[in-house]
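Each remark here refers to the structure printed beneath this line.
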There are 2 protein chains.
Amino acid sequence: MKRLTGDLATIAAELRQEQLDLMAQNTDVEALVRDIIENVRQNGDVALRDYSAKFDKIDVADFLVSRETIDQAFEEVTPEVLVALENAKKNIISYHKHQLEDGFIDSPTEGVIRGQVVLPLARVGVYVPGGTAAYPSSVLMNVLPAKLAGVKEIIMVTPPQEKFNPAILAAAKISGVDKIYQVGGAQAIAALAYGTQTIPKVDKITGPGNIFVATAKKQVFGLVGIDMIAGPSEIGVIADDSAKPAYVAADLLSQAEHDKLARAILVTNSEKLADAVEVEIDKQLKTLPREEIARASIVDNGRVILTDSVDNMFELMNLVAPEHLEIAMDNAIEYLPKIENAGSIFLGHFTSEPIGDYYAGTNHVLPTSGTARFYSALGVYDFVKRSQFTYYNKDAVIQATKDITTLAYSEGLAAHARAIESRSEGKK
Amino acid sequence: MKRLTGDLATIAAELRQEQLDLMAQNTDVEALVRDIIENVRQNGDVALRDYSAKFDKIDVADFLVSRETIDQAFEEVTPEVLVALENAKKNIISYHKHQLEDGFIDSPTEGVIRGQVVLPLARVGVYVPGGTAAYPSSVLMNVLPAKLAGVKEIIMVTPPQEKFNPAILAAAKISGVDKIYQVGGAQAIAALAYGTQTIPKVDKITGPGNIFVATAKKQVFGLVGIDMIAGPSEIGVIADDSAKPAYVAADLLSQAEHDKLARAILVTNSEKLADAVEVEIDKQLKTLPREEIARASIVDNGRVILTDSVDNMFELMNLVAPEHLEIAMDNAIEYLPKIENAGSIFLGHFTSEPIGDYYAGTNHVLPTSGTARFYSALGVYDFVKRSQFTYYNKDAVIQATKDITTLAYSEGLAAHARAIESRSEGKK
């Protein structure tokens, strides 16, 4: 891992630039994706079939994955996996229930009623990648909050395959997906945004995907809602002398094995710990099935930062705003108020980050690349919309007329003023 | 106004297509904006000065608007406007206070603590257009929810001018803006996203603007948060025989005077009312200062839709998902449960839409172009982020190990499994 020391602001700026580089746009992809979206918008299912043949090398007869295929999947998944998925589901529901939101209503003055109604989105699309990046756990994480929010119809799309990963189909049924369509890439996002003869258009699209999927989501954003633009996965670990090097190393590696672009950052005030963690990483790397990926991530994007105080460790990590943040310190919960920017926080020596990936019930769809400064974990709040409502009776309008018309005329909007004035003229 | 009758689904599809056309992208603008952003990113203040000279025809000496200029503005605004702004502020605060959100904490099992912390964004930028589209009311609507959320620093940017609209500066001070910089267009958005020597970078950008501003916001989205992609303003009115034609006409016109692209839609089950509203519109149009704009909006984008039942009126309007929705019917509040998609709802014959623009306290930054299907009015929730946290003690990790490792191995992520397994080995 590259080791950084020195001025905090300089280190933070360097880390930030690296984050930006990792999430840099590719303009060739943008033009290609634009063409794909336009083609799907105009030609619907015909375009989808063409792209499936071209990109996935599969002639899709029916985009809808049949009930039988889904039921069949349950017989191919081990009982242990089904139990683990059900237990994860239980925890995800019990955590996300806290996010359910009520509307409100008030009456600030005689004759006035105001309020806010919270309503679920009508239809949501969830993208699930094919191949090795197909994670049943991600299906639960995307679908269950939507389900809790009350979304009426949840559509899943996933690239066509000769043989689907049965755990993905099982997770879809366990979490309550209504329909699964086999279509992937930018064309799947276009289908969800515009609708085709077969695939209904949705109100919001969530779920991870490759550069084509991410670029397509950004392009249809505004026409439909999207969750966020996800960059490479990240973990930050703040550790002091109380940390156990083997634990810290294992957790850094659990992030590194995702992707060569994944990034693991250790911030510590103990040079001894930093050295010991590096030794452990070398040792543990050698026996990992995904050694090559994890090693590339650690070598290219791993960072160790030495600071001289607890406050500096937190200050630096707040500037990084990591997706996952572990506090490998005794009494870790006491440091929670020092954390300003992090998607999901893991407190103490035993709260290994994969607990959150699979089990604790917190969401693992998280803001990356420093966007924890303004984004949150996926949650129930992402699947609702809020409508305001207002009622004024005649007396209340008359009471408010002077203030409203003063502002309307001062902004040069006479028709606004007259609409209000009309309410005091004559009688209804 | 163009009158539409017949099949509901056909009308809805036609209205939707028109919405899409009104929000269509302009690819020339996209390329130009991309260049501007890149230039500001690389050259900072120098680029800003060049663009100000080129686009605004002003040589800006100091981007920061001085405290004296702002204080001076208060002497140029009439006392009536200041009172109206203060009253509006009071109502906006009392409404938006309901949106303040607490975190939560729970302990689903022995040895496990989970929760969510709600934190304000650190720094927010608000764009305020120059010229005739400069609305002091919009300053309040953008800034006050951020202030309530606890945002530490609020930066306002507005195009340089020989003489600023004093009401804008007054509204900025009344609502609690920390600093005002005179810079506009795409270059202002770039400055907020990347920071320059003078202008600090922010975590989120809100506020309306022209096509350059909107395109720039979409391009920097992901690097910073943005509020939404705003299209032309819209009003939908659902009215029956109980409605007063003069009121309905006045409210439709209050929307139409904004912009030739603004759209007013009347849905009614009464042909008599439809006819009477059209007569009233003709009559009222003739005396409007902004007659030309309002007339173009009504002729090109105004629509009257006749349906044969109350349910159909609501079904159609739910498909349109208008920014503003008036229910011009007796006992309007009883129909609230029928409304699925609308940014802000105005109930009953006296609740004229401009009440919401200026006074009621509900927000007037609202989802347009059908995006009320998935977006909400700007609110306190737009200026916070939520961080998850988790604590597991050793026993709790051991308890969860089987489920977690089962899922991790099934997804091919051995380093995830090993990180968990490491916690049961040896002792800390």
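By order in the structure tokens, chains are A, B, ...; within a chain, residues start at 1; ligands start at 1, following the order shown.
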
Give me, as an MDAnalysis selection string, all polymer residues having an atom no more than 8 Å from region 199-211 of chain B, counting only C-alpha atoms and skipping those fewer than 5 positions away in the same chain.
(chainID A and resid 373:374) or (chainID B and resid 29 121:129 138 142 181 185 189 191:194 217 224:228 230)

Output as number ranges by chain all residues of region 63-290 of chain A that backbone DSSP marks as strand (DSSP E).
A: 104-106, 112-120, 123-127, 153-158, 179-182, 204-206, 225-226, 234-239, 263-268

Have a look at A:Leu119, A:Ala88, A:Val277, A:Ala372 and name the one nearest to Arg386 (chain A); count only C-alpha atoms.
A:Leu119

Please give the complete set of residues from region 108-291 of chain B that DSSP, run on the backbone, assigns to alpha helix (DSSP H), formatted as a VMD selection string.
chain B and resid 136 to 149 166 to 175 185 to 194 211 to 220 245 to 256 271 to 285 291

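Nearest residue to Val83 (chain A) among A:Val183, A:Ala167, A:Ala9, A:Met156 is A:Ala167, counting only C-alpha atoms.
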
Taking 2 positions as the minimum chain separation for residues in the same chain, which residues sit within 9 Å of region 387-400 of chain A when counting only C-alpha atoms? Answer as an NGL selection string.
(:A and (105 or 109-119 or 385 or 402-405 or 420-421 or 423-424)) or (:B and (332-333 or 336 or 340-352 or 355-356 or 359-360 or 362-363 or 372 or 376-377))

Using CA of Val46 (chain A) and CA of Ile155 (chain A) as the two end points, give the distance in Å to one decimal.
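Interatomic distance, CA of Val46 (chain A) to CA of Ile155 (chain A): 19.9 Å.
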
What separates CA of Arg3 (chain B) and CA of Pro245 (chain B) is a distance of 16.4 Å

Any idea what's packed within 9 Å of Asp308 (chain A), counting only C-alpha atoms, ignoring anything in its chain fewer than 3 positions away? Could you give it as a PDB file with N, CA, C and O atoms, in the first residue's frame?
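Contents of out35.pdb, freshly written:
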```pdb
ATOM      1  N   THR A 268      -4.216   5.851  10.491  1.00  0.00           N
ATOM      2  CA  THR A 268      -3.840   5.448  11.851  1.00  0.00           C
ATOM      3  C   THR A 268      -2.853   6.437  12.466  1.00  0.00           C
ATOM      4  O   THR A 268      -2.117   7.123  11.752  1.00  0.00           O
ATOM      5  N   ASN A 269      -2.864   6.477  13.796  1.00  0.00           N
ATOM      6  CA  ASN A 269      -1.865   7.284  14.507  1.00  0.00           C
ATOM      7  C   ASN A 269      -0.749   6.394  15.071  1.00  0.00           C
ATOM      8  O   ASN A 269       0.038   6.826  15.890  1.00  0.00           O
ATOM      9  N   SER A 270      -0.718   5.133  14.585  1.00  0.00           N
ATOM     10  CA  SER A 270       0.282   4.188  15.090  1.00  0.00           C
ATOM     11  C   SER A 270       1.085   3.593  13.942  1.00  0.00           C
ATOM     12  O   SER A 270       0.561   2.808  13.137  1.00  0.00           O
ATOM     13  N   ASP A 311      -7.952  13.281  16.536  1.00  0.00           N
ATOM     14  CA  ASP A 311      -8.745  14.268  15.797  1.00  0.00           C
ATOM     15  C   ASP A 311      -8.349  14.323  14.326  1.00  0.00           C
ATOM     16  O   ASP A 311      -9.205  14.433  13.447  1.00  0.00           O
ATOM     17  N   ASN A 312      -7.052  14.252  14.055  1.00  0.00           N
ATOM     18  CA  ASN A 312      -6.609  14.290  12.665  1.00  0.00           C
ATOM     19  C   ASN A 312      -7.078  13.067  11.867  1.00  0.00           C
ATOM     20  O   ASN A 312      -7.372  13.170  10.679  1.00  0.00           O
ATOM     21  N   MET A 313      -7.144  11.911  12.526  1.00  0.00           N
ATOM     22  CA  MET A 313      -7.641  10.724  11.821  1.00  0.00           C
ATOM     23  C   MET A 313      -9.074  10.964  11.343  1.00  0.00           C
ATOM     24  O   MET A 313      -9.424  10.653  10.206  1.00  0.00           O
TER      25      MET A 313
END
```

Set the distance at 12 Å and use only C-alpha atoms: which residues neighbour Thr287 (chain A) once local chain neighbours fewer than 6 positions away are removed? I'd like the list as number ranges by chain.
A: 250, 253, 280-281, 294-295; B: 414-415, 418

Find the residue from A:Thr307, A:Gln72, A:Thr5, A:Ser369 that sits nearest to chain B; use only C-alpha atoms when measuring.
A:Ser369
